[in-house]
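Structure data (compact mmCIF, C-alpha atoms) from entry05.txt:
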# COMPACT_ATOMS: atom_id res chain seq x y z
CA MET A 2 109.61 81.53 129.20
CA SER A 3 110.34 77.79 129.19
CA GLU A 4 112.04 76.24 126.18
CA SER A 5 108.85 74.48 125.12
CA GLU A 6 107.04 77.83 124.92
CA LEU A 7 109.66 79.35 122.62
CA LEU A 8 108.98 79.55 118.91
CA THR A 9 111.29 77.92 116.39
CA VAL A 10 113.47 80.17 114.26
CA GLY A 11 111.28 79.35 111.26
CA GLN A 12 108.15 80.41 113.13
CA LEU A 13 109.79 83.70 114.18
CA GLU A 14 110.93 84.42 110.62
CA ARG A 15 107.45 83.65 109.27
CA GLU A 16 105.83 85.92 111.84
CA VAL A 17 108.17 88.80 110.95
CA SER A 18 107.42 88.26 107.24
CA GLN A 19 103.64 88.17 107.69
CA LYS A 20 103.50 91.17 110.01
CA LEU A 21 105.76 93.19 107.71
CA GLN A 22 103.44 92.46 104.78
CA ALA A 23 100.49 93.63 106.88
CA LEU A 24 102.37 96.78 107.97
CA TYR A 25 103.15 97.76 104.36
CA LYS A 26 99.54 97.11 103.37
CA LYS A 27 98.22 99.25 106.23
CA GLN A 28 100.59 102.19 105.82
CA LEU A 29 101.13 102.31 102.06
CA GLY A 30 98.06 100.51 100.75
CA HIS A 31 100.33 98.07 98.95
CA GLN A 32 101.17 94.55 100.09
CA PRO A 33 104.57 93.24 98.99
CA GLY A 34 104.26 90.05 96.97
CA LYS A 35 106.71 87.95 98.93
CA VAL A 36 108.78 88.58 102.05
CA THR A 37 111.86 86.51 102.80
CA CYS A 38 113.26 86.70 106.29
CA GLN A 39 116.44 84.99 107.50
CA LEU A 40 118.17 85.18 110.85
CA PHE A 41 122.00 84.88 110.94
CA GLY A 42 123.12 84.97 114.55
CA THR A 43 122.67 88.60 115.56
CA LYS A 44 121.69 89.77 112.10
CA LEU A 45 118.33 89.62 110.38
CA ALA A 46 118.04 89.93 106.60
CA ILE A 47 114.68 90.73 105.02
CA ILE A 48 113.87 90.90 101.31
CA LEU A 49 110.54 92.30 100.16
CA GLU A 50 109.56 91.55 96.57
CA ASP A 51 107.14 93.79 94.67
CA SER A 52 107.48 96.41 97.40
CA VAL A 53 107.18 99.56 95.27
CA THR A 54 103.78 101.23 95.39
CA GLN A 55 101.82 102.07 92.26
CA PRO A 56 102.20 105.87 92.58
CA GLU A 57 106.00 105.42 92.69
CA GLN A 58 105.90 103.10 89.66
CA LEU A 59 103.77 105.68 87.84
CA LEU A 60 106.28 108.45 88.56
CA ALA A 61 109.20 106.26 87.47
CA GLU A 62 107.48 105.23 84.23
CA GLU A 63 106.21 108.70 83.34
CA GLY A 64 109.50 110.59 83.31
CA GLN A 65 109.95 111.37 87.01
CA PRO A 66 112.58 108.79 88.10
CA ASP A 67 114.38 111.20 90.46
CA LEU A 68 111.16 112.07 92.25
CA ALA A 69 110.23 108.37 92.45
CA ARG A 70 113.65 107.60 93.99
CA GLN A 71 113.28 110.41 96.52
CA VAL A 72 109.78 109.18 97.43
CA ARG A 73 111.08 105.63 97.92
CA GLU A 74 113.98 106.88 100.05
CA ASP A 75 111.67 108.90 102.31
CA LEU A 76 109.11 106.08 102.53
CA ASN A 77 111.88 103.69 103.60
CA THR A 78 113.10 106.15 106.23
CA ALA A 79 109.55 106.82 107.44
CA MET A 80 108.81 103.10 107.72
CA GLN A 81 111.97 102.29 109.67
CA PRO A 82 110.75 103.14 113.22
CA GLN A 83 107.66 100.95 112.74
CA ILE A 84 109.68 98.10 111.22
CA LYS A 85 112.13 98.35 114.11
CA ALA A 86 109.36 98.24 116.72
CA LEU A 87 107.66 95.31 114.96
CA VAL A 88 110.83 93.21 114.72
CA GLU A 89 111.88 94.02 118.30
CA ASP A 90 108.45 93.01 119.55
CA ILE A 91 108.48 89.67 117.72
CA LEU A 92 112.13 88.72 118.39
CA SER A 93 112.19 90.19 121.93
CA VAL A 94 115.64 91.66 121.34
CA GLU A 95 116.81 95.21 120.72
CA ILE A 96 117.74 96.39 117.24
CA LEU A 97 121.05 98.30 117.33
CA ASP A 98 121.00 99.36 113.71
CA ILE A 99 118.71 99.01 110.73
CA LEU A 100 119.68 99.53 107.09
CA SER A 101 117.37 99.48 104.12
CA ASP A 102 117.36 100.25 100.41
CA ALA A 103 115.14 99.56 97.41
CA THR A 104 115.52 99.17 93.66
CA LEU A 105 112.67 100.80 91.77
CA SER A 106 113.23 98.85 88.57
CA THR A 107 112.92 95.44 90.25
CA GLY A 108 110.60 96.48 93.08
CA ARG A 109 112.80 94.81 95.71
CA THR A 110 113.50 96.25 99.14
CA GLY A 111 116.28 94.86 101.32
CA ILE A 112 116.43 95.41 105.07
CA ILE A 113 119.25 94.36 107.40
CA ALA A 114 118.74 94.62 111.15
CA ILE A 115 121.65 94.29 113.58
CA LEU A 116 120.38 92.77 116.81
CA SER A 117 121.76 93.22 120.33
CA GLU A 118 121.78 89.43 120.79
CA THR A 119 120.58 86.29 119.11
CA PRO A 120 116.85 85.81 119.77
CA ALA A 121 115.87 82.93 122.05
CA VAL A 122 114.36 80.14 119.98
CA ARG A 123 113.45 76.51 120.58
CA ASN A 124 115.96 75.30 117.97
CA PRO A 125 119.03 77.59 118.18
CA GLU A 126 121.07 75.03 116.26
CA ALA A 127 119.00 75.95 113.18
CA ILE A 128 120.29 79.55 113.21
CA PRO A 129 123.27 79.89 110.83
CA LYS A 130 126.46 81.50 112.17
CA ILE A 131 125.36 81.38 115.80
CA LYS A 132 128.31 81.47 118.19
CA ARG A 133 128.21 78.33 120.28
CA SER A 134 129.99 78.24 123.62
CA MET B 13 81.96 114.34 68.89
CA SER B 14 79.49 116.55 67.03
CA ILE B 15 77.33 117.25 70.07
CA LEU B 16 80.16 119.40 71.46
CA ARG B 17 80.50 121.46 68.29
CA GLU B 18 77.04 122.98 68.42
CA LYS B 19 75.29 124.89 71.12
CA ASN B 20 71.89 123.31 71.37
CA ASN B 21 69.71 123.28 74.43
CA SER B 22 67.16 120.74 73.25
CA LYS B 23 66.07 118.15 75.77
CA GLN B 24 67.68 115.44 73.67
CA THR B 25 71.03 117.23 73.64
CA LEU B 26 70.92 117.83 77.38
CA ARG B 27 70.10 114.16 77.98
CA ARG B 28 73.00 113.14 75.76
CA LEU B 29 75.36 115.45 77.65
CA LYS B 30 74.19 113.94 80.96
CA THR B 31 74.93 110.48 79.59
CA ILE B 32 78.42 111.56 78.51
CA GLU B 33 79.01 113.11 81.95
CA SER B 34 78.08 109.83 83.59
CA GLU B 35 80.32 107.81 81.23
CA LEU B 36 83.16 110.24 81.90
CA GLU B 37 82.80 109.81 85.66
CA ASP B 38 83.31 106.06 85.29
CA ILE B 39 86.22 106.57 82.88
CA VAL B 40 87.99 109.01 85.24
CA LYS B 41 87.51 106.68 88.25
CA ALA B 42 88.95 103.74 86.28
CA LEU B 43 91.82 105.85 84.91
CA TYR B 44 92.78 107.01 88.40
CA PHE B 45 92.69 103.48 89.79
CA ASP B 46 94.71 102.08 86.86
CA CYS B 47 97.38 104.76 87.25
CA VAL B 48 97.60 105.27 91.01
CA GLY B 49 96.08 102.06 92.40
CA HIS B 50 93.79 104.15 94.57
CA HIS B 51 89.99 104.34 94.62
CA VAL B 52 88.94 107.99 94.70
CA THR B 53 85.95 108.88 96.86
CA ALA B 54 83.90 110.56 94.12
CA VAL B 55 84.16 111.98 90.62
CA SER B 56 81.80 114.52 89.22
CA CYS B 57 81.76 115.69 85.59
CA LYS B 58 79.71 118.64 84.42
CA PHE B 59 79.48 120.36 81.03
CA LEU B 60 79.32 124.12 81.51
CA ASP B 61 77.22 126.42 79.30
CA SER B 62 80.36 127.05 77.24
CA LEU B 63 80.55 123.24 76.73
CA ASP B 64 83.82 123.22 78.62
CA LEU B 65 83.92 120.20 80.90
CA TYR B 66 84.53 120.60 84.63
CA ILE B 67 85.79 117.49 86.44
CA SER B 68 86.16 117.27 90.18
CA ILE B 69 87.92 114.29 91.74
CA GLU B 70 87.52 113.92 95.51
CA GLY B 71 89.58 111.81 97.89
CA SER B 72 92.42 111.56 95.40
CA THR B 73 95.36 111.39 97.82
CA SER B 74 96.98 107.95 97.86
CA LEU B 75 98.25 106.33 101.07
CA PRO B 76 101.97 106.83 100.23
CA GLU B 77 101.35 110.57 99.86
CA LYS B 78 99.45 110.70 103.16
CA PHE B 79 102.15 108.65 104.87
CA LEU B 80 104.89 111.03 103.67
CA GLU B 81 102.86 114.03 104.80
CA GLU B 82 102.26 112.58 108.25
CA TRP B 83 105.95 111.72 108.51
CA GLY B 84 106.84 115.37 107.84
CA SER B 85 107.94 115.16 104.20
CA THR B 86 105.29 117.71 103.28
CA GLU B 87 107.19 119.26 100.40
CA LEU B 88 107.95 115.86 98.85
CA ALA B 89 104.30 114.82 99.27
CA ASP B 90 103.27 118.05 97.49
CA ASN B 91 105.75 117.41 94.67
CA MET B 92 104.43 113.87 94.35
CA ARG B 93 100.84 115.16 94.26
CA ASN B 94 101.62 117.76 91.59
CA ALA B 95 103.51 115.24 89.44
CA ILE B 96 100.67 112.68 89.69
CA ASN B 97 98.12 115.38 88.81
CA GLN B 98 100.09 116.32 85.69
CA ILE B 99 100.36 112.67 84.65
CA ILE B 100 96.61 112.15 85.19
CA ARG B 101 95.91 115.31 83.18
CA ASN B 102 97.96 114.02 80.22
CA LYS B 103 96.48 110.53 80.40
CA LEU B 104 92.98 111.98 80.62
CA GLY B 105 93.49 113.74 77.27
CA GLU B 106 94.64 110.48 75.66
CA THR B 107 91.77 108.51 77.24
CA LEU B 108 89.10 110.97 76.09
CA LYS B 109 90.45 110.73 72.55
CA ASP B 110 90.77 106.93 72.54
CA GLU B 111 87.56 105.99 74.35
CA LEU B 112 85.09 108.75 73.44
CA ASN B 113 86.71 110.23 70.34
CA LEU B 114 86.77 113.59 72.12
CA LYS B 115 89.64 115.81 71.04
CA THR B 116 90.69 118.34 73.64
CA ASN B 117 92.09 121.81 73.05
CA GLN B 118 93.36 122.44 76.56
CA ILE B 119 93.20 120.62 79.88
CA SER B 120 93.80 122.87 82.88
CA LEU B 121 94.34 121.88 86.48
CA LEU B 122 92.49 124.34 88.70
CA LYS B 123 93.34 125.31 92.25
CA PRO B 124 91.35 122.75 94.24
CA GLU B 125 88.58 123.93 96.57
CA GLN B 126 89.27 121.17 99.12
CA PRO B 127 92.33 119.18 100.17
CA GLU B 128 92.58 115.77 98.47
CA GLN B 129 90.61 117.17 95.52
CA ILE B 130 91.62 117.63 91.89
CA ASP B 131 89.68 120.11 89.78
CA ILE B 132 90.13 120.00 86.02
CA LEU B 133 88.70 122.15 83.25
CA ILE B 134 88.69 120.81 79.71
CA ASP B 135 88.27 123.02 76.69
CA PHE B 136 87.11 121.08 73.63
CA ARG B 137 87.01 124.02 71.21
CA LEU B 138 89.25 123.25 68.26
Can you present the structure in this file as structure tokens?
Amino acid sequence: MSESELLTVGQLEREVSQKLQALYKKQLGHQPGKVTCQLFGTKLAIILEDSVTQPEQLLAEEGQPDLARQVREDLNTAMQPQIKALVEDILSVEILDILSDATLSTGRTGIIAILSETPAVRNPEAIPKIKRS
Amino acid sequence: MSILREKNNSKQTLRRLKTIESELEDIVKALYFDCVGHHVTAVSCKFLDSLDLYISIEGSTSLPEKFLEEWGSTELADNMRNAINQIIRNKLGETLKDELNLKTNQISLLKPEQPEQIDILIDFRL
């Protein structure tokens, strides 16, 4: 792929955000309100706002917080392989490790992906903490 | 609601019961969507001869529950289902009282005939 065909880091981050929103909508019937995605060298940080589904909120509000937490934990784990495949496909790099957690009370989910290398982009100078030779 | 206190098979009473059944179907659909954020496939409400009310909710399983089940967390999906059913049962009692002034004696969750179905029997005798 020539340099002119590469996407900018902003375009890659936007694509990850939009496709993650669509994935959550498809699998859980709930689209997160806002997705923030930021690449730092070989690390990708993702924050999903309003990511907790209504059944989980119902359980948490109606005296079943432990069950709601367990549901969220399992949903996060179950979503991970699809999130990994989606991000790898968009960034064209391998994910070595993926970590995620959510807070039921605020509805936020945080995901950190450790990448095998920094993705190729048209404007690598825009990626914070990139190691320059 | 006085119509539930007397056993009367007049055409007028039967028509009134049909109207209540129809109103209840809409109320149950709206209640389920408000609580779970999921449109159920169908709701049917039917007063039995005893004037107990039988409610059947079809297609009640939300996507998170299905996703957990497909992932292999069957037991957790079942626990989630049972907890949601209990919450809906309690909220149904409150809704019937608030919206139709119907006081319930007992609301029982029945063993469903089909998967993704909730069957409820309401006893209004006070």
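Each of A:Ile91, A:Leu8, A:Ile47, A:Ala127 was compared to Ala103 in chain A using all atoms listed in the file, and A:Ile47 turns out to be the nearest.
The interatomic distance for the pair CA of Pro56 in chain A and CA of Ile113 in chain A works out to 25.4 Å.
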Based on only C-alpha atoms, which of the residues in chain B come within 9 Å of chain A? I want them as a PDB file with C-alpha atoms, in the coordinates of the input.
ATOM      1  CA  ASP B  46      94.710 102.080  86.860  1.00  0.00           C
ATOM      2  CA  CYS B  47      97.380 104.760  87.250  1.00  0.00           C
ATOM      3  CA  VAL B  48      97.600 105.270  91.010  1.00  0.00           C
ATOM      4  CA  GLY B  49      96.080 102.060  92.400  1.00  0.00           C
ATOM      5  CA  HIS B  50      93.790 104.150  94.570  1.00  0.00           C
ATOM      6  CA  SER B  74      96.980 107.950  97.860  1.00  0.00           C
ATOM      7  CA  LEU B  75      98.250 106.330 101.070  1.00  0.00           C
ATOM      8  CA  PRO B  76     101.970 106.830 100.230  1.00  0.00           C
ATOM      9  CA  GLU B  77     101.350 110.570  99.860  1.00  0.00           C
ATOM     10  CA  LYS B  78      99.450 110.700 103.160  1.00  0.00           C
ATOM     11  CA  PHE B  79     102.150 108.650 104.870  1.00  0.00           C
ATOM     12  CA  LEU B  80     104.890 111.030 103.670  1.00  0.00           C
ATOM     13  CA  TRP B  83     105.950 111.720 108.510  1.00  0.00           C
ATOM     14  CA  GLY B  84     106.840 115.370 107.840  1.00  0.00           C
ATOM     15  CA  SER B  85     107.940 115.160 104.200  1.00  0.00           C
ATOM     16  CA  LEU B  88     107.950 115.860  98.850  1.00  0.00           C
ATOM     17  CA  ALA B  89     104.300 114.820  99.270  1.00  0.00           C
ATOM     18  CA  ASN B  91     105.750 117.410  94.670  1.00  0.00           C
ATOM     19  CA  MET B  92     104.430 113.870  94.350  1.00  0.00           C
ATOM     20  CA  ALA B  95     103.510 115.240  89.440  1.00  0.00           C
ATOM     21  CA  ILE B  96     100.670 112.680  89.690  1.00  0.00           C
ATOM     22  CA  ILE B  99     100.360 112.670  84.650  1.00  0.00           C
TER      23      ILE B  99
END
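Relative to CA of Leu24 in chain A, CA of Ile100 in chain B is found at 28.1 Å.
Shortest separation to Leu133 in chain B among B:Asp64, B:Asn117, B:Leu112, B:Lys103 occurs at residue B:Asp64, atoms counted being only C-alpha atoms.
Every protein, DNA or RNA residue with an atom at most 8 Å from Phe41 in chain A, where only C-alpha atoms count and chain neighbours fewer than 4 positions away do not, is listed here: Leu45, Ala46, Ile128, Pro129, Lys130 and Ile131 of chain A.
Computed from the coordinates, the CA of Gly42 in chain A to CA of Leu100 in chain A distance equals 16.7 Å.
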Assuming 3 Å of padding per side, give the centre and edge lengths of the axis-aligned box around every listed atom of range 52-70 of chain A, in Å to one decimal and as AutoDock Vina command-line options.
--center_x 108.1 --center_y 104.2 --center_z 90.4 --size_x 18.6 --size_y 21.7 --size_z 20.1
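Nearest-residue note for Ile99 in chain A: choosing from A:Ser18, A:Gln83, A:Asn124, A:Ser52, the minimum distance belongs to A:Gln83, counting all atoms listed in the file.
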Selection near Lys123 in chain B, 12 Å with only C-alpha atoms, sequence-local residues under 4 positions removed, as a list of chain:residue names: B:Ser68, B:Asn94, B:Asn97, B:Pro127, B:Glu128, B:Gln129, B:Ile130, B:Asp131, B:Ile132, B:Leu133
Keeping only C-alpha atoms, take the residues you just selected and write them out as a compact mmCIF listing (two decimals), in the coordinates of the input.
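Saved result, part15.txt, follows:
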# COMPACT_ATOMS: atom_id res chain seq x y z
CA SER B 68 86.16 117.27 90.18
CA ASN B 94 101.62 117.76 91.59
CA ASN B 97 98.12 115.38 88.81
CA PRO B 127 92.33 119.18 100.17
CA GLU B 128 92.58 115.77 98.47
CA GLN B 129 90.61 117.17 95.52
CA ILE B 130 91.62 117.63 91.89
CA ASP B 131 89.68 120.11 89.78
CA ILE B 132 90.13 120.00 86.02
CA LEU B 133 88.70 122.15 83.25
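The list of residues with at least one atom within 8 Å of Pro120 in chain A, based on only C-alpha atoms and without residues fewer than 4 positions apart in the same chain, reads Thr43, Leu92, Ser93 and Val94 of chain A.
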- prompt: Taking all atoms listed in the file into account, which of A:Leu49, A:Pro82, A:Leu21, A:Asn77 comes nearest Gly34 in chain A?
  reply: A:Leu49
query: Near Lys35 in chain A, counting only C-alpha atoms, which residues have an atom at most 12 Å away, once you skip same-chain residues fewer than 6 positions from it, shown as a ChimeraX atom specification?
result: /A:15,18-23,25,47-52,108-110
Keeping N, CA and C atoms (and nothing else), can you write range 64-97 of chain B of this structure as a CSV table (one decimal), in the first residue's frame?
chain,number,residue,atom,x,y,z
B,64,ASP,N,-59.5,-14.9,37.1
B,64,ASP,CA,-58.0,-14.7,37.1
B,64,ASP,C,-57.6,-14.3,35.7
B,65,LEU,N,-56.5,-13.6,35.7
B,65,LEU,CA,-56.0,-13.1,34.4
B,65,LEU,C,-54.7,-13.9,34.0
B,66,TYR,N,-54.8,-14.4,32.8
B,66,TYR,CA,-53.6,-15.1,32.2
B,66,TYR,C,-52.9,-14.2,31.2
B,67,ILE,N,-51.6,-14.0,31.4
B,67,ILE,CA,-50.9,-13.2,30.5
B,67,ILE,C,-49.7,-14.0,29.9
B,68,SER,N,-49.6,-14.0,28.6
B,68,SER,CA,-48.5,-14.7,27.9
B,68,SER,C,-47.7,-13.6,27.1
B,69,ILE,N,-46.4,-13.6,27.4
B,69,ILE,CA,-45.5,-12.7,26.7
B,69,ILE,C,-44.6,-13.5,25.9
B,70,GLU,N,-44.6,-13.3,24.6
B,70,GLU,CA,-43.8,-14.1,23.6
B,70,GLU,C,-42.6,-13.2,23.2
B,71,GLY,N,-41.5,-13.9,22.9
B,71,GLY,CA,-40.3,-13.2,22.3
B,71,GLY,C,-39.7,-12.2,23.3
B,72,SER,N,-39.6,-12.7,24.6
B,72,SER,CA,-39.3,-11.8,25.7
B,72,SER,C,-37.8,-11.7,25.9
B,73,THR,N,-37.0,-12.6,25.3
B,73,THR,CA,-35.6,-12.6,25.6
B,73,THR,C,-34.8,-11.5,24.9
B,74,SER,N,-34.1,-10.7,25.7
B,74,SER,CA,-33.4,-9.5,25.2
B,74,SER,C,-32.1,-10.0,24.6
B,75,LEU,N,-31.5,-9.2,23.7
B,75,LEU,CA,-30.3,-9.5,23.0
B,75,LEU,C,-29.1,-9.9,24.0
B,76,PRO,N,-28.9,-9.1,25.1
B,76,PRO,CA,-27.8,-9.5,26.0
B,76,PRO,C,-28.0,-10.9,26.5
B,77,GLU,N,-29.2,-11.3,26.9
B,77,GLU,CA,-29.4,-12.6,27.3
B,77,GLU,C,-29.1,-13.7,26.3
B,78,LYS,N,-29.5,-13.4,25.0
B,78,LYS,CA,-29.2,-14.3,23.9
B,78,LYS,C,-27.7,-14.4,23.7
B,79,PHE,N,-27.1,-13.3,23.8
B,79,PHE,CA,-25.6,-13.2,23.5
B,79,PHE,C,-24.9,-14.0,24.5
B,80,LEU,N,-25.3,-13.9,25.8
B,80,LEU,CA,-24.6,-14.7,26.9
B,80,LEU,C,-24.9,-16.2,26.7
B,81,GLU,N,-26.1,-16.5,26.3
B,81,GLU,CA,-26.4,-17.9,26.1
B,81,GLU,C,-25.6,-18.5,24.9
B,82,GLU,N,-25.5,-17.8,23.8
B,82,GLU,CA,-24.7,-18.2,22.7
B,82,GLU,C,-23.2,-18.3,23.0
B,83,TRP,N,-22.8,-17.5,23.9
B,83,TRP,CA,-21.4,-17.5,24.3
B,83,TRP,C,-21.1,-18.7,25.2
B,84,GLY,N,-22.1,-19.2,25.9
B,84,GLY,CA,-21.9,-20.4,26.7
B,84,GLY,C,-22.2,-20.1,28.2
B,85,SER,N,-22.5,-18.8,28.5
B,85,SER,CA,-22.9,-18.5,29.9
B,85,SER,C,-24.4,-18.8,30.1
B,86,THR,N,-24.7,-20.0,29.9
B,86,THR,CA,-26.2,-20.4,30.0
B,86,THR,C,-26.8,-20.2,31.4
B,87,GLU,N,-26.0,-20.5,32.4
B,87,GLU,CA,-26.5,-20.4,33.8
B,87,GLU,C,-26.7,-18.9,34.1
B,88,LEU,N,-25.8,-18.1,33.7
B,88,LEU,CA,-25.9,-16.7,34.0
B,88,LEU,C,-27.1,-16.1,33.2
B,89,ALA,N,-27.2,-16.5,31.9
B,89,ALA,CA,-28.4,-16.0,31.1
B,89,ALA,C,-29.7,-16.5,31.8
B,90,ASP,N,-29.7,-17.7,32.4
B,90,ASP,CA,-31.0,-18.1,33.1
B,90,ASP,C,-31.2,-17.3,34.3
B,91,ASN,N,-30.1,-17.0,35.1
B,91,ASN,CA,-30.3,-16.2,36.3
B,91,ASN,C,-30.8,-14.8,35.9
B,92,MET,N,-30.3,-14.3,34.8
B,92,MET,CA,-30.7,-12.9,34.3
B,92,MET,C,-32.2,-13.0,34.0
B,93,ARG,N,-32.5,-14.0,33.2
B,93,ARG,CA,-33.9,-14.2,32.8
B,93,ARG,C,-34.9,-14.2,34.0
B,94,ASN,N,-34.5,-15.1,35.0
B,94,ASN,CA,-35.4,-15.2,36.2
B,94,ASN,C,-35.5,-13.9,37.0
B,95,ALA,N,-34.3,-13.2,37.1
B,95,ALA,CA,-34.4,-11.9,37.8
B,95,ALA,C,-35.2,-10.9,37.1
B,96,ILE,N,-35.1,-10.8,35.8
B,96,ILE,CA,-35.9,-9.9,35.0
B,96,ILE,C,-37.4,-10.2,35.1
B,97,ASN,N,-37.7,-11.5,35.1
B,97,ASN,CA,-39.1,-12.0,35.2
B,97,ASN,C,-39.7,-11.5,36.5
